[in-house]
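Below: start_15.cif (mmCIF, C-alpha atoms and all ligand atoms)
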data_data
#
loop_
_atom_site.label_atom_id
_atom_site.label_comp_id
_atom_site.auth_asym_id
_atom_site.auth_seq_id
_atom_site.Cartn_x
_atom_site.Cartn_y
_atom_site.Cartn_z
CA MET W 1 -46.72 -8.77 -39.20
CA VAL W 2 -49.38 -11.12 -37.90
CA GLU W 3 -51.77 -9.73 -35.36
CA ILE W 4 -52.29 -11.94 -32.30
CA LEU W 5 -54.47 -9.69 -30.10
CA ARG W 6 -56.93 -6.95 -30.96
CA ILE W 7 -58.87 -5.03 -28.33
CA GLU W 8 -61.76 -3.01 -29.72
CA ASN W 9 -63.63 -0.41 -27.71
CA LEU W 10 -63.21 -2.44 -24.51
CA LYS W 11 -65.20 -1.22 -21.52
CA LYS W 12 -65.13 -2.60 -18.00
CA HIS W 13 -67.30 -0.79 -15.51
CA PHE W 14 -67.76 -1.73 -11.85
CA GLN W 15 -70.83 -0.94 -9.79
CA THR W 16 -69.68 0.28 -6.37
CA ALA W 17 -71.31 2.00 -3.41
CA GLN W 18 -69.80 5.28 -4.64
CA GLY W 19 -71.20 4.86 -8.15
CA VAL W 20 -70.08 3.31 -11.42
CA VAL W 21 -66.31 3.03 -11.75
CA LYS W 22 -65.34 3.27 -15.42
CA ALA W 23 -62.04 1.45 -14.93
CA VAL W 24 -61.68 0.77 -18.67
CA ASP W 25 -63.74 2.94 -20.94
CA GLY W 26 -63.23 2.39 -24.64
CA VAL W 27 -59.74 0.96 -25.13
CA ASN W 28 -58.40 0.09 -28.61
CA ILE W 29 -55.02 -1.60 -28.89
CA SER W 30 -53.48 -4.47 -30.84
CA LEU W 31 -50.46 -6.71 -30.46
CA ASN W 32 -48.50 -8.54 -33.18
CA GLU W 33 -46.86 -11.96 -32.96
CA GLY W 34 -43.48 -11.74 -31.24
CA GLU W 35 -43.99 -8.10 -30.36
CA THR W 36 -43.87 -6.24 -27.03
CA LEU W 37 -46.53 -3.62 -26.51
CA GLY W 38 -45.86 -1.43 -23.49
CA LEU W 39 -49.10 -0.36 -21.81
CA VAL W 40 -48.13 2.56 -19.62
CA GLY W 41 -50.16 4.68 -17.23
CA GLU W 42 -50.34 6.09 -13.72
CA SER W 43 -51.80 4.12 -10.85
CA GLY W 44 -55.56 3.74 -11.28
CA SER W 45 -55.56 4.34 -15.04
CA GLY W 46 -57.03 0.88 -15.67
CA LYS W 47 -54.01 -1.13 -16.83
CA SER W 48 -54.62 -4.18 -14.65
CA THR W 49 -58.29 -4.16 -15.56
CA VAL W 50 -57.30 -4.41 -19.24
CA ALA W 51 -54.91 -7.26 -18.31
CA TYR W 52 -57.58 -9.14 -16.37
CA ASN W 53 -59.99 -8.84 -19.29
CA VAL W 54 -57.37 -10.20 -21.68
CA VAL W 55 -56.60 -13.23 -19.51
CA GLY W 56 -60.30 -13.70 -18.77
CA ILE W 57 -60.40 -13.01 -15.03
CA TYR W 58 -63.13 -10.52 -15.97
CA GLY W 59 -65.63 -10.60 -18.77
CA ALA W 60 -65.99 -7.29 -20.62
CA THR W 61 -68.83 -4.87 -19.91
CA SER W 62 -68.83 -4.20 -23.65
CA GLY W 63 -66.45 -4.22 -26.60
CA ASN W 64 -64.40 -7.06 -28.03
CA ILE W 65 -61.11 -8.82 -27.49
CA TYR W 66 -59.93 -10.95 -30.39
CA PHE W 67 -57.17 -13.51 -29.95
CA ARG W 68 -56.04 -14.75 -33.36
CA GLY W 69 -59.38 -13.55 -34.67
CA GLU W 70 -61.49 -15.36 -32.06
CA ASP W 71 -63.60 -13.26 -29.71
CA ILE W 72 -62.52 -13.94 -26.11
CA SER W 73 -64.19 -10.99 -24.38
CA MET W 74 -66.50 -13.22 -22.34
CA GLY W 75 -64.01 -14.26 -19.65
CA THR W 76 -62.34 -17.59 -18.96
CA SER W 77 -65.33 -19.53 -17.74
CA ARG W 78 -66.48 -19.76 -21.34
CA ARG W 79 -63.09 -19.98 -23.01
CA PRO W 80 -61.83 -23.24 -24.50
CA LYS W 81 -58.98 -24.81 -22.50
CA SER W 82 -56.48 -24.36 -25.35
CA LEU W 83 -57.06 -20.63 -25.24
CA LYS W 84 -56.55 -20.45 -21.49
CA LYS W 85 -53.19 -22.12 -22.05
CA ASP W 86 -52.19 -19.79 -24.86
CA ILE W 87 -52.58 -16.59 -22.81
CA GLN W 88 -50.65 -16.43 -19.55
CA ILE W 89 -50.12 -13.69 -16.98
CA VAL W 90 -47.35 -12.75 -14.58
CA PHE W 91 -48.71 -10.65 -11.71
CA GLN W 92 -47.07 -7.72 -9.99
CA ASP W 93 -46.56 -9.34 -6.61
CA PRO W 94 -45.06 -12.84 -6.66
CA GLY W 95 -45.54 -12.95 -2.87
CA THR W 96 -49.29 -13.25 -3.26
CA SER W 97 -49.46 -15.00 -6.64
CA LEU W 98 -47.46 -18.03 -5.42
CA ASN W 99 -48.98 -20.25 -2.74
CA PRO W 100 -46.55 -20.05 0.22
CA ARG W 101 -47.50 -23.54 1.41
CA GLN W 102 -46.56 -25.29 -1.82
CA TYR W 103 -43.13 -26.49 -2.88
CA ILE W 104 -41.83 -24.92 -6.09
CA HIS W 105 -42.15 -28.39 -7.59
CA GLU W 106 -45.90 -28.43 -6.91
CA ILE W 107 -46.34 -24.86 -8.15
CA LEU W 108 -44.73 -25.68 -11.48
CA ALA W 109 -46.18 -29.19 -11.79
CA MET W 110 -49.77 -28.03 -11.48
CA PRO W 111 -50.13 -26.30 -14.88
CA LEU W 112 -48.25 -29.19 -16.52
CA ARG W 113 -50.86 -31.59 -15.12
CA VAL W 114 -53.92 -29.42 -15.70
CA HIS W 115 -53.06 -28.90 -19.35
CA ARG W 116 -51.46 -32.36 -19.80
CA ILE W 117 -48.28 -30.84 -21.16
CA VAL W 118 -46.10 -33.88 -20.40
CA PRO W 119 -46.85 -37.39 -19.10
CA GLU W 120 -46.77 -37.85 -15.31
CA ASN W 121 -43.35 -39.56 -15.28
CA GLU W 122 -41.74 -36.58 -17.07
CA ILE W 123 -43.12 -33.86 -14.83
CA THR W 124 -40.10 -33.53 -12.53
CA ASP W 125 -37.73 -33.31 -15.49
CA ARG W 126 -39.87 -30.63 -17.08
CA VAL W 127 -40.10 -28.68 -13.80
CA LYS W 128 -36.29 -28.70 -13.60
CA GLU W 129 -36.05 -27.57 -17.21
CA LEU W 130 -38.40 -24.70 -16.46
CA LEU W 131 -36.24 -23.61 -13.53
CA GLU W 132 -33.18 -23.70 -15.78
CA LEU W 133 -35.01 -21.64 -18.38
CA VAL W 134 -35.48 -18.86 -15.86
CA GLN W 135 -31.91 -19.27 -14.62
CA LEU W 136 -32.76 -20.72 -11.20
CA PRO W 137 -31.03 -23.73 -9.61
CA THR W 138 -32.97 -26.99 -10.02
CA SER W 139 -32.54 -27.61 -6.28
CA PHE W 140 -35.29 -25.02 -5.82
CA ILE W 141 -37.90 -27.72 -6.41
CA PHE W 142 -37.64 -28.52 -2.68
CA LYS W 143 -38.09 -24.94 -1.54
CA HIS W 144 -41.13 -22.90 -0.60
CA PRO W 145 -41.69 -19.40 -2.02
CA LEU W 146 -40.96 -17.93 1.42
CA GLU W 147 -37.39 -19.19 1.19
CA LEU W 148 -36.75 -17.27 -2.04
CA GLY W 149 -35.86 -13.65 -2.73
CA GLU W 150 -38.36 -11.39 -4.52
CA GLY W 151 -36.58 -11.66 -7.88
CA GLU W 152 -36.36 -15.45 -7.54
CA LYS W 153 -40.05 -15.66 -6.72
CA GLN W 154 -40.90 -13.59 -9.77
CA SER W 155 -38.71 -15.89 -11.88
CA VAL W 156 -40.75 -18.84 -10.57
CA ALA W 157 -43.91 -16.98 -11.58
CA VAL W 158 -42.40 -16.52 -15.05
CA ALA W 159 -41.54 -20.24 -15.18
CA ARG W 160 -45.13 -21.08 -14.24
CA ALA W 161 -46.38 -18.94 -17.13
CA LEU W 162 -43.93 -20.67 -19.50
CA ALA W 163 -44.91 -24.16 -18.31
CA VAL W 164 -47.87 -24.43 -20.67
CA ASN W 165 -46.08 -23.16 -23.80
CA PRO W 166 -48.14 -19.98 -24.20
CA SER W 167 -47.95 -17.70 -27.22
CA MET W 168 -48.82 -14.51 -25.38
CA ILE W 169 -47.85 -13.39 -21.88
CA VAL W 170 -49.42 -10.47 -20.06
CA LEU W 171 -46.87 -8.94 -17.72
CA ASP W 172 -48.68 -6.82 -15.15
CA GLU W 173 -45.94 -4.68 -13.60
CA PRO W 174 -43.76 -7.77 -13.19
CA THR W 175 -40.81 -5.87 -11.79
CA SER W 176 -42.32 -3.11 -9.70
CA ALA W 177 -41.98 -5.13 -6.48
CA LEU W 178 -38.27 -5.70 -7.19
CA ASP W 179 -35.20 -3.61 -6.49
CA VAL W 180 -33.47 -1.99 -9.47
CA SER W 181 -30.83 -4.67 -10.14
CA MET W 182 -33.43 -7.43 -9.90
CA GLN W 183 -35.71 -5.46 -12.23
CA ALA W 184 -33.03 -5.42 -14.91
CA LYS W 185 -32.37 -9.13 -14.43
CA VAL W 186 -36.01 -10.15 -14.79
CA ILE W 187 -36.52 -7.85 -17.80
CA ASN W 188 -33.43 -9.22 -19.55
CA LEU W 189 -34.67 -12.72 -18.87
CA MET W 190 -38.05 -11.86 -20.41
CA LEU W 191 -36.35 -10.42 -23.50
CA GLU W 192 -34.10 -13.46 -23.94
CA LEU W 193 -37.06 -15.80 -23.64
CA GLN W 194 -38.92 -13.74 -26.21
CA LYS W 195 -36.01 -13.95 -28.64
CA GLU W 196 -35.84 -17.70 -28.21
CA TYR W 197 -39.54 -18.56 -28.23
CA GLY W 198 -41.19 -15.65 -30.03
CA PHE W 199 -43.65 -14.76 -27.26
CA SER W 200 -45.87 -11.72 -27.63
CA TYR W 201 -45.85 -9.53 -24.53
CA LEU W 202 -48.45 -7.11 -23.29
CA PHE W 203 -46.08 -5.40 -20.87
CA ILE W 204 -47.84 -3.25 -18.30
CA THR W 205 -45.93 -0.69 -16.28
CA HIS W 206 -46.20 2.77 -14.76
CA ASP W 207 -42.52 3.28 -15.54
CA LEU W 208 -42.17 4.75 -19.01
CA GLY W 209 -38.36 4.81 -18.75
CA VAL W 210 -38.25 1.00 -18.53
CA MET W 211 -40.10 0.76 -21.84
CA ARG W 212 -37.50 2.67 -23.84
CA ASN W 213 -35.39 -0.43 -24.43
CA VAL W 214 -38.08 -3.05 -24.03
CA ALA W 215 -41.20 -2.18 -26.02
CA ASP W 216 -41.64 -2.25 -29.80
CA ARG W 217 -44.68 -0.02 -29.48
CA ILE W 218 -46.04 1.95 -26.57
CA ALA W 219 -49.63 2.75 -25.60
CA ILE W 220 -50.38 5.38 -22.99
CA MET W 221 -53.45 4.99 -20.83
CA TYR W 222 -55.20 7.64 -18.78
CA LEU W 223 -58.43 7.25 -16.79
CA GLY W 224 -59.62 4.16 -18.62
CA LYS W 225 -58.80 5.44 -22.09
CA ILE W 226 -55.87 5.35 -24.50
CA CYS W 227 -54.17 8.70 -25.22
CA GLU W 228 -51.51 7.72 -27.71
CA VAL W 229 -50.04 4.63 -29.38
CA ALA W 230 -46.82 4.67 -31.42
CA PRO W 231 -43.72 2.65 -32.28
CA ALA W 232 -41.24 3.12 -29.41
CA ALA W 233 -38.59 5.14 -31.28
CA GLU W 234 -41.15 7.52 -32.75
CA PHE W 235 -42.93 7.69 -29.42
CA PHE W 236 -39.87 9.08 -27.67
CA GLN W 237 -38.84 11.28 -30.62
CA THR W 238 -42.21 12.82 -31.45
CA PRO W 239 -44.59 12.50 -28.53
CA LEU W 240 -47.82 14.31 -29.41
CA HIS W 241 -50.43 14.01 -26.68
CA PRO W 242 -49.93 16.64 -23.96
CA TYR W 243 -50.15 13.89 -21.34
CA THR W 244 -47.46 11.84 -23.11
CA ARG W 245 -45.24 14.91 -23.31
CA MET W 246 -45.74 15.46 -19.60
CA LEU W 247 -44.77 11.86 -18.85
CA ILE W 248 -41.74 11.81 -21.15
CA SER W 249 -40.40 15.12 -19.92
CA SER W 250 -40.01 13.58 -16.48
CA VAL W 251 -38.35 10.30 -17.58
CA PRO W 252 -34.65 10.21 -16.67
CA VAL W 253 -32.40 10.16 -19.75
CA VAL W 254 -29.04 8.43 -20.07
CA SER W 255 -27.48 10.01 -23.16
CA GLU W 256 -27.01 13.45 -24.69
CA GLU W 257 -28.97 12.34 -27.71
CA GLU W 258 -31.93 11.46 -25.53
CA GLU W 259 -31.59 14.78 -23.76
CA ARG W 260 -31.80 16.61 -27.13
CA MET W 261 -34.92 14.69 -28.08
CA ARG W 262 -36.65 15.25 -24.79
CA PRO W 263 -39.56 17.69 -25.01
CA ALA W 264 -39.31 20.89 -23.01
CA LYS W 265 -40.18 20.24 -19.40
CA VAL W 266 -43.94 20.16 -19.02
CA ALA W 267 -44.94 20.71 -15.45
CA SER W 268 -47.10 17.98 -14.03
CA ARG W 269 -50.34 19.55 -12.91
CA GLY W 270 -52.92 17.96 -10.66
CA GLU W 271 -53.52 14.27 -10.09
CA ILE W 272 -55.43 11.55 -11.82
CA PRO W 273 -59.10 12.04 -10.83
CA SER W 274 -61.29 9.26 -9.50
CA PRO W 275 -62.75 7.04 -12.23
CA VAL W 276 -66.14 7.38 -10.51
CA ASN W 277 -66.10 11.05 -11.36
CA VAL W 278 -64.49 11.20 -14.76
CA PRO W 279 -64.28 14.73 -16.17
CA GLY W 280 -66.45 15.28 -19.26
CA GLY W 281 -64.86 15.58 -22.70
CA CYS W 282 -61.20 14.59 -22.76
CA GLY W 283 -60.43 13.03 -19.37
CA PHE W 284 -57.08 14.81 -19.27
CA HIS W 285 -58.39 18.34 -19.92
CA PRO W 286 -58.37 19.54 -16.27
CA ARG W 287 -54.61 18.84 -16.16
CA CYS W 288 -53.79 19.88 -19.72
CA CYS W 289 -51.85 23.09 -20.50
CA ASP W 290 -53.33 23.21 -24.01
CA ALA W 291 -56.97 22.57 -23.13
CA THR W 292 -59.65 24.55 -24.95
CA GLU W 293 -63.41 24.69 -24.53
CA GLU W 294 -63.78 21.83 -26.98
CA CYS W 295 -61.66 19.58 -24.75
CA ALA W 296 -64.13 19.95 -21.90
CA GLY W 297 -67.08 19.26 -24.17
CA ALA W 298 -66.22 16.38 -26.49
CA ILE W 299 -64.32 13.11 -26.18
CA PRO W 300 -61.48 13.24 -28.72
CA GLU W 301 -61.55 10.69 -31.51
CA MET W 302 -58.60 8.63 -32.61
CA VAL W 303 -56.39 10.31 -35.21
CA GLU W 304 -53.68 8.45 -37.13
CA VAL W 305 -51.09 11.19 -37.38
CA GLU W 306 -48.40 9.08 -39.04
CA SER W 307 -48.59 5.49 -40.13
CA ASP W 308 -49.07 3.47 -36.92
CA HIS W 309 -48.97 6.57 -34.69
CA PHE W 310 -52.35 7.25 -33.11
CA VAL W 311 -53.36 10.06 -30.81
CA TYR W 312 -56.61 10.92 -29.06
CA CYS W 313 -56.45 14.69 -28.75
CA HIS W 314 -58.47 17.56 -30.24
CA LYS W 315 -55.26 19.31 -31.28
CA PHE W 316 -54.67 16.71 -33.97
CA LYS W 317 -57.84 16.65 -36.03
CA GLN W 318 -57.44 14.69 -39.20
CA GLU W 319 -57.45 16.94 -42.23
CA ARG W 320 -60.03 15.55 -44.53
N1 LIG G 401 -63.15 -4.94 -8.89
C1 LIG G 401 -63.21 -3.60 -8.84
N2 LIG G 401 -64.27 -2.97 -8.28
C2 LIG G 401 -64.34 -1.62 -8.23
N3 LIG G 401 -63.38 -0.80 -8.72
C3 LIG G 401 -62.29 -1.36 -9.27
C4 LIG G 401 -62.15 -2.79 -9.37
N4 LIG G 401 -60.98 -3.06 -9.99
C5 LIG G 401 -60.41 -1.86 -10.25
N5 LIG G 401 -61.20 -0.84 -9.83
C6 LIG G 401 -60.91 0.59 -9.97
O1 LIG G 401 -60.67 0.85 -11.33
C7 LIG G 401 -59.59 1.76 -11.51
C8 LIG G 401 -58.53 1.13 -12.36
O2 LIG G 401 -57.91 0.11 -11.60
P1 LIG G 401 -56.70 -0.75 -12.14
O3 LIG G 401 -56.29 -1.66 -11.04
O4 LIG G 401 -57.05 -1.35 -13.44
O5 LIG G 401 -55.59 0.37 -12.36
P2 LIG G 401 -54.03 0.21 -12.65
O6 LIG G 401 -53.72 1.12 -13.79
O7 LIG G 401 -53.69 -1.23 -12.80
O8 LIG G 401 -53.36 0.81 -11.34
P3 LIG G 401 -52.02 0.37 -10.57
O9 LIG G 401 -50.88 1.02 -11.33
O10 LIG G 401 -52.19 0.94 -9.23
O11 LIG G 401 -51.94 -1.12 -10.58
C9 LIG G 401 -59.14 2.13 -10.11
O12 LIG G 401 -59.75 3.34 -9.74
C10 LIG G 401 -59.64 0.99 -9.24
O13 LIG G 401 -59.92 1.46 -7.95
MG MG G 402 -52.44 -2.53 -11.75
#
Please go through the file and, once you have read it, give me the structure as structure tokens.
Ligand SMILES: Nc1ncnc2c1ncn2[C@@H]1O[C@H](COP(=O)(O)OP(=O)(O)OP(=O)(O)O)[C@@H](O)[C@H]1O
Ligand SMILES: [Mg+2]
Amino acid sequence: MVEILRIENLKKHFQTAQGVVKAVDGVNISLNEGETLGLVGESGSGKSTVAYNVVGIYGATSGNIYFRGEDISMGTSRRPKSLKKDIQIVFQDPGTSLNPRQYIHEILAMPLRVHRIVPENEITDRVKELLELVQLPTSFIFKHPLELGEGEKQSVAVARALAVNPSMIVLDEPTSALDVSMQAKVINLMLELQKEYGFSYLFITHDLGVMRNVADRIAIMYLGKICEVAPAAEFFQTPLHPYTRMLISSVPVVSEEEERMRPAKVASRGEIPSPVNVPGGCGFHPRCCDATEECAGAIPEMVEVESDHFVYCHKFKQER
């Protein structure tokens, strides 16, 4: 497996009137070529902030982001153009990410022109091809986003990301603004495109259930930090972090086999605290059923419990 993205101890802090918001506070994750990594967490856990650092909307407060070995943690303003093209993002809300005043043709032609993907006289053909790729009628080139349904708009946003032939696409909750049938449609489209073109996806969602059939590996985020990372099958079979177990125990299951594997119901306690006032030690300890004194005092280190299965929890100290 060839690694395409490596995030090392990434921190992104914001100075606000209320104090320093530690939106991302020491995240380590990696993504392989052609792989889907599901980055899952509750609202406010810092998922979008990770995404915006990866695509360069923000520069990092500290830590490193390597794309094919090259450090890109400084934000887009200092990134070479080829790199900007290689990493694309699809945002949560296509309503705001697409300019309502532009025709779909203009929306899709712009990246083709900026990155000189095809000569001027081939742009319309390429725009139509892109629409076909995302299973939309080519007649849409004469429409405005406002004339499209939510799922169709999101498909246009996907087409815009594809326009520049990227190798990695960050999907920041791409389906959470869509109804359930549209969600499935857009996700299936993303998976088909991945099969055909080998894209790597950093797939961000708060919906762990969606990841069961989509992600190759899953990373759980809580209050700016990673709790657990594991291959998807192992993740659902042997969840280790108390927070992961809490999340999985409330995911709906569809088969008896899944029901057998599901951990005993762990009651969800409390809510995610404000990232201005992060609890000391393990950020999850005030909500954790297994918390000890140590959990309030020290930030847990990463432990590789099985090959490729990492957990940040004092319960799983590496035996040395
Ligand atoms: N530019 C900013 N300035 C100040 N605080 C910010 C900024 N961006 C994000 N935050 C704060 O950082 C925390 C993480 O935000 P982020 O948007 O990354 O979370 P998220 O996991 O994407 O949540 P959601 O599921 O709601 O999209 C939140 O508490 C948010 O209020
Ligand atoms: Mg977000």
Exercise for review: List all protein, DNA and RNA residues that have an atom no more than 8 Å from any atom of ligand LIG 401 (chain G), counting only C-alpha atoms and all ligand atoms, and report them as a PyMOL selection string.
Suggested key: chain W and resi 13-16+21-24+41-51+172-173+205-206+223-224+274-276
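Neighbours of Phe310 (chain W) closer than or equal to 7 Å, with only C-alpha atoms counted and sequence neighbours fewer than 3 positions away skipped, come out as Glu228, Val229, Ala230, Met302, Val303, Glu304 and Val305 of chain W.
Of the residues under consideration (W:Gly69, W:Pro273, W:Pro242, W:Pro174), W:Pro174 shows the shortest atom-to-atom contact distance to ligand MG 402 (chain G) when counting all atoms listed in the file.
As for CA of Lys84 (chain W) and CA of Ile72 (chain W), they are spaced 10.0 Å apart.
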Check your understanding: Quick one: residues within 10 Å of Ser155 (chain W), only C-alpha atoms counted, chain neighbours fewer than 5 positions away excluded, as a list in words?
Key -> Val90, Pro94, Leu130, Leu131, Leu133, Val134, Gln135, Leu136, Gly149, Glu150, Arg160, Ala161, Pro174, Lys185, Val186, Leu189 and Met190 of chain W
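Restricting the calculation to all atoms listed in the file, the smallest distance between ligand MG 402 (chain G) and any of W:Pro166, W:Val40, W:Lys81, W:Lys11 is found for W:Val40.
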Check your understanding: From the list W:Ile104, W:Leu178, W:Leu193, W:Met211, which residue is nearest Val156 (chain W) when using only C-alpha atoms?
Key -> W:Ile104
